[in-house]
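The structure file final25.cif is reproduced below (mmCIF, C-alpha atoms).
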data_target
#
loop_
_atom_site.label_atom_id
_atom_site.label_comp_id
_atom_site.auth_asym_id
_atom_site.auth_seq_id
_atom_site.Cartn_x
_atom_site.Cartn_y
_atom_site.Cartn_z
CA MET P 27 0.00 0.00 0.00
CA THR P 28 1.40 3.37 -0.99
CA ILE P 29 1.14 6.31 1.34
CA GLN P 30 -1.34 7.90 -1.08
CA GLU P 31 -3.60 4.84 -0.85
CA PHE P 32 -3.32 5.04 2.92
CA ILE P 33 -4.23 8.74 2.90
CA ASP P 34 -7.36 7.94 0.89
CA LYS P 35 -8.42 5.30 3.42
CA PHE P 36 -7.61 7.62 6.31
CA ALA P 37 -9.61 10.48 4.80
CA GLU P 38 -12.59 8.24 4.14
CA ALA P 39 -12.60 6.97 7.72
CA ALA P 40 -12.17 10.43 9.25
CA GLU P 41 -14.70 11.95 6.81
CA ILE P 42 -12.22 14.41 5.36
CA GLU P 43 -13.41 15.58 1.96
CA GLU P 44 -10.38 17.57 0.80
CA VAL P 45 -7.34 15.28 0.64
CA ALA P 46 -5.23 17.46 -1.71
CA GLY P 47 -3.42 19.21 1.14
CA ILE P 48 -2.67 16.03 3.11
CA ASP P 49 0.69 14.30 2.89
CA GLY P 50 2.96 12.20 5.10
CA ALA P 51 4.06 15.21 7.15
CA THR P 52 0.52 16.35 7.93
CA LYS P 53 -0.18 16.46 11.66
CA PHE P 54 -3.56 14.74 11.53
CA ARG P 55 -4.59 15.77 15.05
CA GLU P 56 -4.51 19.39 13.92
CA LEU P 57 -6.89 18.85 11.01
CA GLU P 58 -10.14 20.74 11.32
CA GLU P 59 -12.21 17.54 10.91
CA TRP P 60 -10.27 15.62 13.58
CA ASN P 61 -12.21 14.70 16.71
CA SER P 62 -12.77 11.75 19.03
CA LEU P 63 -15.24 10.12 16.64
CA ALA P 64 -12.74 10.34 13.76
CA ALA P 65 -10.22 8.58 16.03
CA LEU P 66 -12.66 5.69 16.59
CA SER P 67 -13.26 5.42 12.86
CA VAL P 68 -9.56 5.36 12.04
CA ILE P 69 -8.92 2.64 14.64
CA SER P 70 -11.77 0.62 13.12
CA MET P 71 -10.33 1.16 9.65
CA PHE P 72 -7.03 -0.39 10.78
CA GLU P 73 -8.85 -3.46 12.04
CA GLU P 74 -11.39 -3.90 9.32
CA GLU P 75 -9.68 -2.77 6.15
CA LEU P 76 -6.01 -3.28 6.95
CA ASP P 77 -6.47 -6.28 9.25
CA LYS P 78 -4.10 -4.63 11.75
CA ASP P 79 -4.48 -5.02 15.48
CA LEU P 80 -3.55 -1.46 16.41
CA ALA P 81 -2.40 -0.83 19.99
CA VAL P 82 -4.13 2.26 21.35
CA ALA P 83 -0.86 3.38 23.01
CA ASP P 84 0.90 3.41 19.59
CA PHE P 85 -1.98 5.27 18.04
CA LYS P 86 -1.80 7.93 20.75
CA LYS P 87 1.91 8.49 20.08
CA ALA P 88 1.37 8.95 16.35
CA GLN P 89 1.38 12.61 15.29
CA THR P 90 1.77 12.62 11.52
CA ILE P 91 0.12 10.72 8.70
CA GLU P 92 3.45 9.01 8.12
CA ASP P 93 3.50 7.79 11.75
CA LEU P 94 0.12 6.20 11.15
CA TYR P 95 1.20 4.80 7.80
CA ASN P 96 4.17 3.13 9.51
CA LEU P 97 1.79 1.52 12.01
CA ALA P 98 -0.17 0.13 9.09
CA GLN P 99 2.88 -1.70 7.66
CA MET J 299 -12.35 -18.48 28.77
CA ALA J 300 -14.29 -18.94 32.03
CA TYR J 301 -17.39 -20.85 30.98
CA LEU J 302 -20.31 -21.66 33.27
CA LYS J 303 -23.41 -23.75 32.65
CA ILE J 304 -26.21 -23.40 35.15
CA ASP J 305 -29.33 -25.57 35.29
CA ASN J 306 -32.48 -25.41 37.38
CA VAL J 307 -32.96 -21.64 37.53
CA ALA J 308 -35.72 -19.88 35.60
CA ILE J 309 -36.19 -16.18 34.94
CA LYS J 310 -39.79 -15.52 36.03
CA GLY J 311 -40.01 -11.80 35.35
CA LEU J 312 -38.25 -8.53 34.95
CA SER J 313 -39.02 -4.87 35.36
CA ALA J 314 -37.25 -1.54 35.09
CA CYS J 315 -37.57 2.01 36.37
CA VAL J 316 -35.92 5.25 35.21
CA PRO J 317 -36.02 8.79 36.61
CA GLU J 318 -38.86 10.80 35.06
CA ARG J 319 -36.49 13.70 34.36
CA VAL J 320 -35.34 13.78 30.73
CA VAL J 321 -32.16 15.51 29.55
CA ARG J 322 -31.94 16.24 25.83
CA ASN J 323 -28.47 16.12 24.31
CA ILE J 324 -29.34 18.85 21.82
CA ASP J 325 -29.47 21.26 24.80
CA TYR J 326 -25.85 20.52 25.81
CA PRO J 327 -24.18 23.92 26.30
CA TYR J 328 -20.52 23.03 25.63
CA LEU J 329 -20.72 22.04 21.94
CA SER J 330 -22.06 23.67 18.79
CA GLU J 331 -25.33 22.38 17.38
CA GLU J 332 -23.44 20.88 14.45
CA GLU J 333 -21.06 19.04 16.76
CA ILE J 334 -23.93 17.76 18.89
CA ASN J 335 -25.80 16.48 15.85
CA LYS J 336 -22.67 14.69 14.66
CA TYR J 337 -22.35 13.17 18.11
CA ILE J 338 -26.00 12.10 18.17
CA SER J 339 -25.80 10.46 14.74
CA THR J 340 -22.66 8.52 15.70
CA ILE J 341 -23.10 7.59 19.35
CA GLY J 342 -26.86 7.39 18.97
CA VAL J 343 -28.04 9.11 22.16
CA GLU J 344 -30.74 11.77 21.72
CA GLU J 345 -32.04 11.96 25.26
CA ARG J 346 -31.44 10.37 28.64
CA HIS J 347 -33.29 9.89 31.92
CA CYS J 348 -31.12 11.34 34.68
CA ALA J 349 -31.75 11.85 38.38
CA ILE J 350 -30.57 15.04 40.07
CA PRO J 351 -27.52 14.08 42.17
CA ASP J 352 -28.86 15.39 45.47
CA GLY J 353 -29.85 12.06 47.03
CA SER J 354 -33.53 12.45 46.13
CA ILE J 355 -33.40 9.48 43.72
CA CYS J 356 -30.70 6.86 44.22
CA THR J 357 -30.17 3.61 42.34
CA SER J 358 -31.76 1.75 45.24
CA ASP J 359 -34.98 3.78 44.79
CA LEU J 360 -35.18 2.81 41.12
CA CYS J 361 -34.44 -0.83 41.92
CA TYR J 362 -36.92 -0.78 44.79
CA ALA J 363 -39.73 0.48 42.52
CA SER J 364 -38.89 -2.17 39.92
CA ALA J 365 -38.72 -4.97 42.48
CA LYS J 366 -41.92 -3.92 44.27
CA GLN J 367 -43.86 -3.91 41.01
CA LEU J 368 -42.42 -7.24 39.99
CA ILE J 369 -43.17 -8.95 43.30
CA ASP J 370 -46.74 -7.64 43.16
CA GLU J 371 -47.33 -8.80 39.59
CA LEU J 372 -45.77 -12.20 40.24
CA LYS J 373 -47.97 -12.45 43.35
CA TRP J 374 -44.89 -13.58 45.26
CA ASN J 375 -44.93 -13.54 49.03
CA PRO J 376 -41.89 -11.38 49.91
CA GLU J 377 -41.20 -13.73 52.83
CA GLU J 378 -40.36 -16.51 50.34
CA ILE J 379 -37.52 -14.55 48.73
CA GLN J 380 -34.24 -15.60 50.27
CA LEU J 381 -31.67 -14.06 47.95
CA LEU J 382 -31.12 -10.42 47.03
CA VAL J 383 -28.11 -9.42 44.92
CA PHE J 384 -27.64 -5.70 44.23
CA VAL J 385 -25.20 -5.01 41.40
CA SER J 386 -24.20 -1.37 41.09
CA HIS J 387 -21.40 1.19 41.26
CA THR J 388 -23.74 3.72 42.87
CA ALA J 389 -24.56 2.39 46.33
CA ASP J 390 -26.50 4.50 48.84
CA TYR J 391 -23.58 4.59 51.29
CA LYS J 392 -19.96 3.45 51.47
CA LEU J 393 -21.37 1.12 54.08
CA PRO J 394 -23.64 -0.69 54.83
CA SER J 395 -24.39 -2.61 51.65
CA THR J 396 -27.43 -1.33 49.80
CA ALA J 397 -28.71 -4.92 49.53
CA CYS J 398 -29.28 -4.92 53.31
CA ILE J 399 -31.30 -1.70 53.07
CA LEU J 400 -33.38 -3.16 50.24
CA GLN J 401 -34.00 -6.42 52.12
CA ASP J 402 -35.75 -4.40 54.82
CA ARG J 403 -37.48 -1.97 52.49
CA LEU J 404 -38.93 -4.76 50.35
CA GLY J 405 -40.18 -6.61 53.42
CA LEU J 406 -38.04 -9.71 52.86
CA SER J 407 -37.52 -11.97 55.82
CA THR J 408 -34.31 -11.90 57.82
CA ALA J 409 -33.64 -15.41 56.46
CA THR J 410 -32.27 -13.71 53.34
CA MET J 411 -28.84 -13.78 51.79
CA ALA J 412 -28.27 -10.19 50.62
CA PHE J 413 -25.11 -8.59 49.30
CA ASP J 414 -23.79 -5.93 46.92
CA SER J 415 -21.55 -6.52 43.96
CA PRO J 416 -19.84 -3.42 42.59
CA LEU J 417 -19.68 -4.12 38.87
CA GLY J 418 -20.64 -1.79 36.04
CA CYS J 419 -21.44 -2.52 32.42
CA SER J 420 -20.95 -6.27 32.82
CA GLY J 421 -23.20 -6.22 35.91
CA PHE J 422 -26.35 -7.86 34.57
CA VAL J 423 -24.49 -10.86 33.16
CA TYR J 424 -22.25 -11.26 36.21
CA GLY J 425 -25.21 -10.77 38.55
CA LEU J 426 -27.20 -13.43 36.73
CA ALA J 427 -24.22 -15.81 36.93
CA MET J 428 -23.85 -15.19 40.68
CA ALA J 429 -27.53 -15.38 41.60
CA ALA J 430 -28.22 -18.42 39.44
CA SER J 431 -25.09 -20.20 40.76
CA ILE J 432 -26.31 -19.72 44.31
CA MET J 433 -29.82 -20.92 43.50
CA GLN J 434 -29.08 -23.90 41.26
CA SER J 435 -28.81 -26.39 44.14
CA GLY J 436 -32.39 -25.64 45.18
CA CYS J 437 -31.90 -24.62 48.81
CA ILE J 438 -33.08 -21.10 47.94
CA LYS J 439 -36.24 -21.19 45.83
CA LYS J 440 -36.80 -17.53 44.99
CA GLY J 441 -34.28 -14.76 44.42
CA LEU J 442 -34.05 -11.17 43.23
CA LEU J 443 -31.29 -9.74 41.11
CA LEU J 444 -31.30 -5.94 41.19
CA VAL J 445 -29.05 -4.20 38.68
CA GLY J 446 -28.87 -0.46 38.36
CA ASN J 447 -26.81 2.67 38.24
CA THR J 448 -27.22 6.40 38.58
CA GLN J 449 -23.98 6.90 36.73
CA SER J 450 -25.00 10.29 35.33
CA PHE J 451 -23.70 11.44 38.75
CA TYR J 452 -20.19 10.47 37.63
CA ALA J 453 -20.20 12.38 34.33
CA ALA J 454 -18.28 15.67 34.53
CA PRO J 455 -20.44 18.37 32.92
CA LYS J 456 -17.73 19.47 30.47
CA ASP J 457 -16.68 15.93 29.53
CA GLN J 458 -18.60 15.22 26.34
CA GLY J 459 -17.40 11.60 26.34
CA THR J 460 -19.52 10.84 29.39
CA ALA J 461 -21.87 13.83 29.87
CA LEU J 462 -23.77 13.06 26.67
CA LEU J 463 -23.80 9.32 27.25
CA PHE J 464 -24.38 8.32 30.88
CA ALA J 465 -27.90 7.86 32.21
CA ASP J 466 -29.74 6.21 35.07
CA ALA J 467 -31.94 3.14 35.57
CA GLY J 468 -32.74 0.44 38.10
CA THR J 469 -33.97 -3.01 37.16
CA ALA J 470 -35.21 -6.15 38.89
CA ILE J 471 -35.01 -9.74 37.70
CA ALA J 472 -36.99 -12.47 39.47
CA LEU J 473 -35.38 -15.91 39.59
CA GLU J 474 -36.93 -19.18 40.71
CA PHE J 475 -35.55 -22.67 41.29
CA ASN J 476 -37.12 -25.00 38.75
CA PRO J 477 -35.62 -28.36 37.68
CA GLU J 478 -37.41 -27.99 34.32
CA ALA J 479 -35.77 -24.65 33.55
CA PRO J 480 -33.68 -24.37 30.39
CA SER J 481 -29.96 -23.98 31.13
CA MET J 482 -28.07 -20.70 31.09
CA GLU J 483 -24.56 -20.64 29.69
CA PHE J 484 -21.97 -17.97 30.40
CA ASP J 485 -18.57 -16.76 29.29
CA LEU J 486 -16.91 -14.48 31.85
CA TYR J 487 -13.77 -12.42 31.23
CA THR J 488 -11.63 -9.97 33.19
CA ASN J 489 -8.68 -7.80 32.20
CA GLY J 490 -7.68 -5.56 35.09
CA ALA J 491 -4.69 -4.29 33.09
CA GLY J 492 -7.29 -1.92 31.64
CA LYS J 493 -8.37 -0.55 35.02
CA ASP J 494 -7.46 3.02 34.01
CA ALA J 495 -9.66 2.96 30.92
CA LEU J 496 -12.71 3.71 33.11
CA ILE J 497 -11.92 5.04 36.55
CA ILE J 498 -12.98 7.49 39.24
CA PRO J 499 -9.52 8.18 40.69
CA ASP J 500 -10.41 9.86 44.01
CA GLY J 501 -12.71 9.12 46.90
CA GLY J 502 -11.84 5.46 47.46
CA CYS J 503 -9.18 4.08 49.78
CA ARG J 504 -6.30 4.32 47.26
CA ASN J 505 -6.70 8.07 46.77
CA PRO J 506 -8.82 9.21 49.70
CA PHE J 507 -10.94 12.33 49.26
CA ASN J 508 -8.78 15.42 49.87
CA ALA J 509 -8.76 19.13 49.08
CA GLN J 510 -7.33 18.52 45.57
CA SER J 511 -10.21 16.17 44.79
CA LEU J 512 -12.35 19.26 44.22
CA GLU J 513 -9.92 20.95 41.82
CA GLU J 514 -10.53 20.74 38.10
CA TYR J 515 -7.65 19.61 35.93
CA THR J 516 -7.20 19.18 32.19
CA ASP J 517 -6.24 15.65 31.16
CA GLU J 518 -3.96 14.63 28.28
CA ALA J 519 -6.96 14.60 25.92
CA GLY J 520 -7.89 18.17 26.88
CA VAL J 521 -10.94 17.21 28.97
CA VAL J 522 -11.66 19.23 32.11
CA ARG J 523 -12.89 17.43 35.24
CA THR J 524 -12.13 16.84 38.91
CA PRO J 525 -10.79 13.43 39.98
CA LEU J 526 -14.15 12.70 41.62
CA TYR J 527 -15.67 12.21 38.16
CA GLU J 528 -15.32 9.21 35.90
CA LYS J 529 -12.49 9.34 33.41
CA MET J 530 -13.08 7.29 30.30
CA ASP J 531 -10.44 6.48 27.73
CA GLY J 532 -12.89 6.02 24.87
CA LEU J 533 -10.32 4.59 22.47
CA GLU J 534 -9.17 1.91 24.89
CA VAL J 535 -12.73 0.88 25.73
CA PHE J 536 -13.69 0.84 22.07
CA GLN J 537 -10.70 -1.27 21.12
CA PHE J 538 -11.31 -3.67 24.02
CA ALA J 539 -14.98 -4.16 23.27
CA SER J 540 -14.87 -4.31 19.48
CA LYS J 541 -12.27 -7.06 19.69
CA ASN J 542 -13.32 -9.06 22.75
CA VAL J 543 -17.12 -9.01 22.65
CA PRO J 544 -17.37 -10.82 19.29
CA LYS J 545 -14.67 -13.22 20.50
CA SER J 546 -16.60 -13.92 23.71
CA ILE J 547 -19.94 -14.46 21.98
CA ASN J 548 -18.44 -16.64 19.25
CA GLY J 549 -16.62 -18.64 21.92
CA LEU J 550 -19.83 -19.12 23.92
CA MET J 551 -21.74 -20.26 20.83
CA GLU J 552 -19.00 -22.70 19.88
CA GLN J 553 -18.52 -24.06 23.41
CA PHE J 554 -22.23 -24.80 23.86
CA SER J 555 -23.08 -25.59 20.22
CA ILE J 556 -25.44 -22.65 19.81
CA SER J 557 -26.27 -21.56 16.30
CA GLN J 558 -27.52 -18.14 15.32
CA GLU J 559 -30.87 -19.62 14.24
CA ASP J 560 -31.48 -20.75 17.84
CA ILE J 561 -31.34 -17.15 19.03
CA ASP J 562 -34.27 -14.74 18.84
CA TYR J 563 -32.38 -11.65 19.99
CA LEU J 564 -28.85 -10.40 20.53
CA LEU J 565 -28.90 -7.99 23.49
CA LEU J 566 -25.82 -5.80 23.53
CA HIS J 567 -24.96 -3.53 26.43
CA GLN J 568 -26.02 -0.12 25.11
CA ALA J 569 -22.50 1.29 25.26
CA ASN J 570 -22.77 3.45 22.18
CA LYS J 571 -24.45 2.83 18.84
CA PHE J 572 -21.27 3.06 16.79
CA LEU J 573 -19.53 0.41 18.90
CA CYS J 574 -22.59 -1.85 19.15
CA GLU J 575 -23.07 -1.79 15.39
CA LYS J 576 -19.41 -2.72 14.89
CA ILE J 577 -19.93 -5.69 17.20
CA ARG J 578 -23.19 -6.70 15.52
CA LYS J 579 -21.67 -6.60 12.06
CA ARG J 580 -18.66 -8.60 13.19
CA LEU J 581 -21.01 -11.25 14.57
CA LYS J 582 -23.13 -11.06 11.40
CA PHE J 583 -26.32 -10.79 13.46
CA PRO J 584 -29.23 -9.30 11.50
CA GLU J 585 -30.46 -5.82 12.45
CA ASP J 586 -33.96 -7.03 13.28
CA LYS J 587 -32.56 -9.38 15.92
CA THR J 588 -30.54 -6.64 17.61
CA PRO J 589 -32.76 -4.13 19.44
CA TYR J 590 -31.59 -0.71 20.63
CA ASN J 591 -33.01 1.90 22.99
CA ILE J 592 -29.85 3.97 23.43
CA ASP J 593 -31.47 6.85 21.51
CA ARG J 594 -33.93 7.43 24.39
CA PHE J 595 -32.14 5.99 27.42
CA GLY J 596 -28.39 6.44 26.85
CA ASN J 597 -25.90 4.17 28.58
CA THR J 598 -27.20 3.04 31.97
CA SER J 599 -24.25 0.72 32.69
CA GLY J 600 -25.27 -2.73 33.98
CA ALA J 601 -28.96 -1.89 33.65
CA THR J 602 -28.97 -1.55 29.86
CA ILE J 603 -29.77 -5.17 29.01
CA PRO J 604 -32.83 -5.67 31.26
CA LEU J 605 -33.97 -2.11 30.43
CA LEU J 606 -33.72 -2.96 26.73
CA MET J 607 -35.87 -6.05 27.27
CA VAL J 608 -38.54 -4.03 29.10
CA THR J 609 -38.73 -1.15 26.62
CA GLU J 610 -38.35 -3.07 23.35
CA LEU J 611 -39.50 -6.64 23.94
CA ASN J 612 -42.07 -6.31 26.69
CA GLN J 613 -44.99 -7.75 24.67
CA ARG J 614 -43.15 -10.73 23.23
CA LEU J 615 -41.58 -11.58 26.58
CA GLN J 616 -45.03 -12.00 28.08
CA SER J 617 -46.49 -14.15 25.34
CA GLU J 618 -43.69 -16.33 23.95
CA ARG J 619 -40.68 -18.46 24.67
CA LEU J 620 -37.57 -16.55 23.60
CA SER J 621 -33.89 -17.35 23.48
CA PHE J 622 -31.28 -14.63 23.94
CA ILE J 623 -27.60 -13.97 23.79
CA ALA J 624 -26.60 -10.96 25.87
CA SER J 625 -23.23 -9.36 26.43
CA GLY J 626 -22.20 -6.70 28.95
CA PHE J 627 -18.74 -5.13 28.78
CA GLY J 628 -16.82 -2.19 30.18
CA VAL J 629 -15.38 -0.90 33.43
CA GLY J 630 -12.91 -3.32 35.01
CA LEU J 631 -12.27 -4.14 32.30
CA SER J 632 -14.93 -6.79 32.72
CA LEU J 633 -17.00 -8.70 30.19
CA GLY J 634 -19.71 -11.30 30.42
CA SER J 635 -21.78 -13.03 27.74
CA VAL J 636 -24.73 -15.30 28.38
CA ARG J 637 -27.29 -17.40 26.57
CA PHE J 638 -30.59 -17.62 28.41
CA THR J 639 -34.21 -18.44 27.65
CA THR J 640 -37.43 -16.87 28.88
CA ASP J 641 -40.85 -18.49 28.69
CA ASN J 642 -43.94 -16.28 29.00
CA ILE J 643 -42.50 -14.17 31.80
CA ILE J 644 -43.97 -11.28 33.72
CA CYS J 645 -42.67 -8.03 32.26
CA PRO J 646 -44.61 -4.92 33.29
CA PRO J 647 -44.22 -1.67 31.33
CA LEU J 648 -41.40 0.73 32.19
CA LEU J 649 -41.86 2.65 35.44
CA THR J 650 -40.74 6.22 36.07
CA LEU J 651 -39.94 7.86 39.39
#
Spit out the file's structure as structure tokens when you get a sec.
Amino acid sequence: MTIQEFIDKFAEAAEIEEVAGIDGATKFRELEEWNSLAALSVISMFEEELDKDLAVADFKKAQTIEDLYNLAQ
Amino acid sequence: MAYLKIDNVAIKGLSACVPERVVRNIDYPYLSEEEINKYISTIGVEERHCAIPDGSICTSDLCYASAKQLIDELKWNPEEIQLLVFVSHTADYKLPSTACILQDRLGLSTATMAFDSPLGCSGFVYGLAMAASIMQSGCIKKGLLLVGNTQSFYAAPKDQGTALLFADAGTAIALEFNPEAPSMEFDLYTNGAGKDALIIPDGGCRNPFNAQSLEEYTDEAGVVRTPLYEKMDGLEVFQFASKNVPKSINGLMEQFSISQEDIDYLLLHQANKFLCEKIRKRLKFPEDKTPYNIDRFGNTSGATIPLLMVTELNQRLQSERLSFIASGFGVGLSLGSVRFTTDNIICPPLLTL
């Protein structure tokens, strides 16, 4: 999975419509659409679409899209 | 997996009571209307029944009203009831046990085994396992399981994770020794490593109440509360439940050779709609077999499952034989799943106080 494919999945889960400005360095917690519900959706996306058992502690440490992408590997 | 199979104990009836006072989430002052609507559509709670935390309505009052109504409708002689289990995190006092107070208030004889069990969201399933285990040998013929919470008391007003979710209810379940009763099967699970995922830090013996207990602080997620309120790590609880509840229910069904066709309803602890739907889809249970009332009653902790039966299934419970799988999960972290059967039970309409 490329980082662009990951960004698309991330944006869909977090209900972010405009993905053009998002790249690996984006601090996702600072995005306008980011909230606690988006966090639940992204965790679910890891489990359901990526088949990854994401540890909540690792998720909390992640700051950028690239950090998340690395957790998805 | 801790499995239990209990024979000889029948559920004869159940009833539930909620505070009359309704709080509408749309009126919540700390979020914009857009944010609240987003919250409502995801978590699924539109309004909640909440007591005012001044001691005027406690969990025991809600459970008392439910139990009184149930005993009357069953035409039970209170003197014949020899077991009372009160499962709650919101006791009347630190001591004595609320079960003792209710034994007297309900007019049960002094030849009664009565005790409290402080469990939360898993409380109905654990309570049923405890009460039925005690009764299965037949020495005690009639018992009451009272499960309730006034956990809206524990929601900090500015903490949207709990303040828009927690609500209050008290329920009563009547159990009777009966060698013809269909068996109940349980899977019980505990993971105390997650104790901090749902916790009221101050006011117990570990962190006794002190002057700082009244001071608001901002936690790492930016939520403002005092340590006398419940702190919920929503992500941890979500991850725990979405993974372990399907595992528990699938394990129970495999262990006791239960197929989905044998089950009339899946009763999920009304934690939040988003999480419950994740669990339902993972289990591949159809929507019409999975009732909800979280939109009108919120999350009432251990009371959600019996409350759900009263508000959504009241008619069918009184006229049919029904088979259920129920699962309660949360604070502890604690989880219990059960398969049980009801057969034309007494189930009066919801009471308000």
Taking all atoms listed in the file into account, find every residue of chain J that has an atom no more than 12 Å from chain P, and write it out as a PyMOL selection string. chain J and resi 333-334+336-341+457-459+492+495+518-521+531-541+570-573+575-577+579-580
Can I get the selection written as a PDB file, in the frame of the given file, with C-alpha atoms?
ATOM      1  CA  GLU J 333     -21.060  19.040  16.760  1.00  0.00           C
ATOM      2  CA  ILE J 334     -23.930  17.760  18.890  1.00  0.00           C
ATOM      3  CA  LYS J 336     -22.670  14.690  14.660  1.00  0.00           C
ATOM      4  CA  TYR J 337     -22.350  13.170  18.110  1.00  0.00           C
ATOM      5  CA  ILE J 338     -26.000  12.100  18.170  1.00  0.00           C
ATOM      6  CA  SER J 339     -25.800  10.460  14.740  1.00  0.00           C
ATOM      7  CA  THR J 340     -22.660   8.520  15.700  1.00  0.00           C
ATOM      8  CA  ILE J 341     -23.100   7.590  19.350  1.00  0.00           C
ATOM      9  CA  ASP J 457     -16.680  15.930  29.530  1.00  0.00           C
ATOM     10  CA  GLN J 458     -18.600  15.220  26.340  1.00  0.00           C
ATOM     11  CA  GLY J 459     -17.400  11.600  26.340  1.00  0.00           C
ATOM     12  CA  GLY J 492      -7.290  -1.920  31.640  1.00  0.00           C
ATOM     13  CA  ALA J 495      -9.660   2.960  30.920  1.00  0.00           C
ATOM     14  CA  GLU J 518      -3.960  14.630  28.280  1.00  0.00           C
ATOM     15  CA  ALA J 519      -6.960  14.600  25.920  1.00  0.00           C
ATOM     16  CA  GLY J 520      -7.890  18.170  26.880  1.00  0.00           C
ATOM     17  CA  VAL J 521     -10.940  17.210  28.970  1.00  0.00           C
ATOM     18  CA  ASP J 531     -10.440   6.480  27.730  1.00  0.00           C
ATOM     19  CA  GLY J 532     -12.890   6.020  24.870  1.00  0.00           C
ATOM     20  CA  LEU J 533     -10.320   4.590  22.470  1.00  0.00           C
ATOM     21  CA  GLU J 534      -9.170   1.910  24.890  1.00  0.00           C
ATOM     22  CA  VAL J 535     -12.730   0.880  25.730  1.00  0.00           C
ATOM     23  CA  PHE J 536     -13.690   0.840  22.070  1.00  0.00           C
ATOM     24  CA  GLN J 537     -10.700  -1.270  21.120  1.00  0.00           C
ATOM     25  CA  PHE J 538     -11.310  -3.670  24.020  1.00  0.00           C
ATOM     26  CA  ALA J 539     -14.980  -4.160  23.270  1.00  0.00           C
ATOM     27  CA  SER J 540     -14.870  -4.310  19.480  1.00  0.00           C
ATOM     28  CA  LYS J 541     -12.270  -7.060  19.690  1.00  0.00           C
ATOM     29  CA  ASN J 570     -22.770   3.450  22.180  1.00  0.00           C
ATOM     30  CA  LYS J 571     -24.450   2.830  18.840  1.00  0.00           C
ATOM     31  CA  PHE J 572     -21.270   3.060  16.790  1.00  0.00           C
ATOM     32  CA  LEU J 573     -19.530   0.410  18.900  1.00  0.00           C
ATOM     33  CA  GLU J 575     -23.070  -1.790  15.390  1.00  0.00           C
ATOM     34  CA  LYS J 576     -19.410  -2.720  14.890  1.00  0.00           C
ATOM     35  CA  ILE J 577     -19.930  -5.690  17.200  1.00  0.00           C
ATOM     36  CA  LYS J 579     -21.670  -6.600  12.060  1.00  0.00           C
ATOM     37  CA  ARG J 580     -18.660  -8.600  13.190  1.00  0.00           C
TER      38      ARG J 580
END
For Lys35 (chain P): contacts at 10 Å, all atoms listed in the file, fewer than 3 positions along chain excluded, given as a PDB file with C-alpha atoms, in the coordinates of the input:
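Saved to selection.pdb:
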ATOM      1  CA  ILE P  29       1.140   6.310   1.340  1.00  0.00           C
ATOM      2  CA  GLN P  30      -1.340   7.900  -1.080  1.00  0.00           C
ATOM      3  CA  GLU P  31      -3.600   4.840  -0.850  1.00  0.00           C
ATOM      4  CA  PHE P  32      -3.320   5.040   2.920  1.00  0.00           C
ATOM      5  CA  GLU P  38     -12.590   8.240   4.140  1.00  0.00           C
ATOM      6  CA  ALA P  39     -12.600   6.970   7.720  1.00  0.00           C
ATOM      7  CA  ALA P  40     -12.170  10.430   9.250  1.00  0.00           C
ATOM      8  CA  GLU P  41     -14.700  11.950   6.810  1.00  0.00           C
ATOM      9  CA  VAL P  68      -9.560   5.360  12.040  1.00  0.00           C
ATOM     10  CA  MET P  71     -10.330   1.160   9.650  1.00  0.00           C
ATOM     11  CA  PHE P  72      -7.030  -0.390  10.780  1.00  0.00           C
ATOM     12  CA  GLU P  75      -9.680  -2.770   6.150  1.00  0.00           C
ATOM     13  CA  LEU P  76      -6.010  -3.280   6.950  1.00  0.00           C
TER      14      LEU P  76
END
At a cut-off of 9 Å, using all atoms listed in the file, what residues contact Asn591 (chain J)? Leave out same-chain residues fewer than 6 positions from it and give the result as a list in words. Val343, Gln568, Thr602, Leu605, Leu606, Thr609 and Glu610 of chain J
Minimum-distance residue to Lys78 (chain P), chosen among P:Gly50, P:Glu58, P:Tyr95, P:Ile33 (using only C-alpha atoms): P:Tyr95
For the point (-32.8, -20.4, 32.2) in file coordinates, what residues are within 6 Å, counting only C-alpha atoms? Give the answer as a ChimeraX atom specification? /J:307-308,479-482,638-639
Using C-alpha atoms, can you write the selected residues to a file as an mmCIF file, keeping the file's coordinate frame?
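Generated output (again.cif):
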data_model
loop_
_atom_site.group_PDB
_atom_site.id
_atom_site.type_symbol
_atom_site.label_atom_id
_atom_site.label_comp_id
_atom_site.auth_asym_id
_atom_site.auth_seq_id
_atom_site.Cartn_x
_atom_site.Cartn_y
_atom_site.Cartn_z
ATOM 1 C CA VAL J 307 -32.960 -21.640 37.530
ATOM 2 C CA ALA J 308 -35.720 -19.880 35.600
ATOM 3 C CA ALA J 479 -35.770 -24.650 33.550
ATOM 4 C CA PRO J 480 -33.680 -24.370 30.390
ATOM 5 C CA SER J 481 -29.960 -23.980 31.130
ATOM 6 C CA MET J 482 -28.070 -20.700 31.090
ATOM 7 C CA PHE J 638 -30.590 -17.620 28.410
ATOM 8 C CA THR J 639 -34.210 -18.440 27.650
#
Taking all listed atoms of region 583-588 of chain J, build the axis-aligned box, pad each of the six sides by 6 Å, then write its centre and edge lengths in Å to one decimal as AutoDock Vina command-line options.
--center_x -30.1 --center_y -8.3 --center_z 14.6 --size_x 19.6 --size_y 17.0 --size_z 18.1
Using the chain letters and numbers from the file, which residues does the PyMOL selection byres ((chain J and resi 472) around 7) grab, as a PyMOL selection string? chain J and resi 309-312+441-443+470-471+473-474
Step by step, work through what the PyMOL selection byres ((chain P and resi 49) around 10) selects in the shown file, and finish by giving those residues as a count of residues only. 15
Taking into account all atoms listed in the file, which residue in the set J:Val383, J:Met299, J:Ala314, J:Leu444 is nearest to Met607 (chain J)?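 Of J:Val383, J:Met299, J:Ala314, J:Leu444, the one nearest Met607 (chain J), counting all atoms listed in the file, is J:Ala314.
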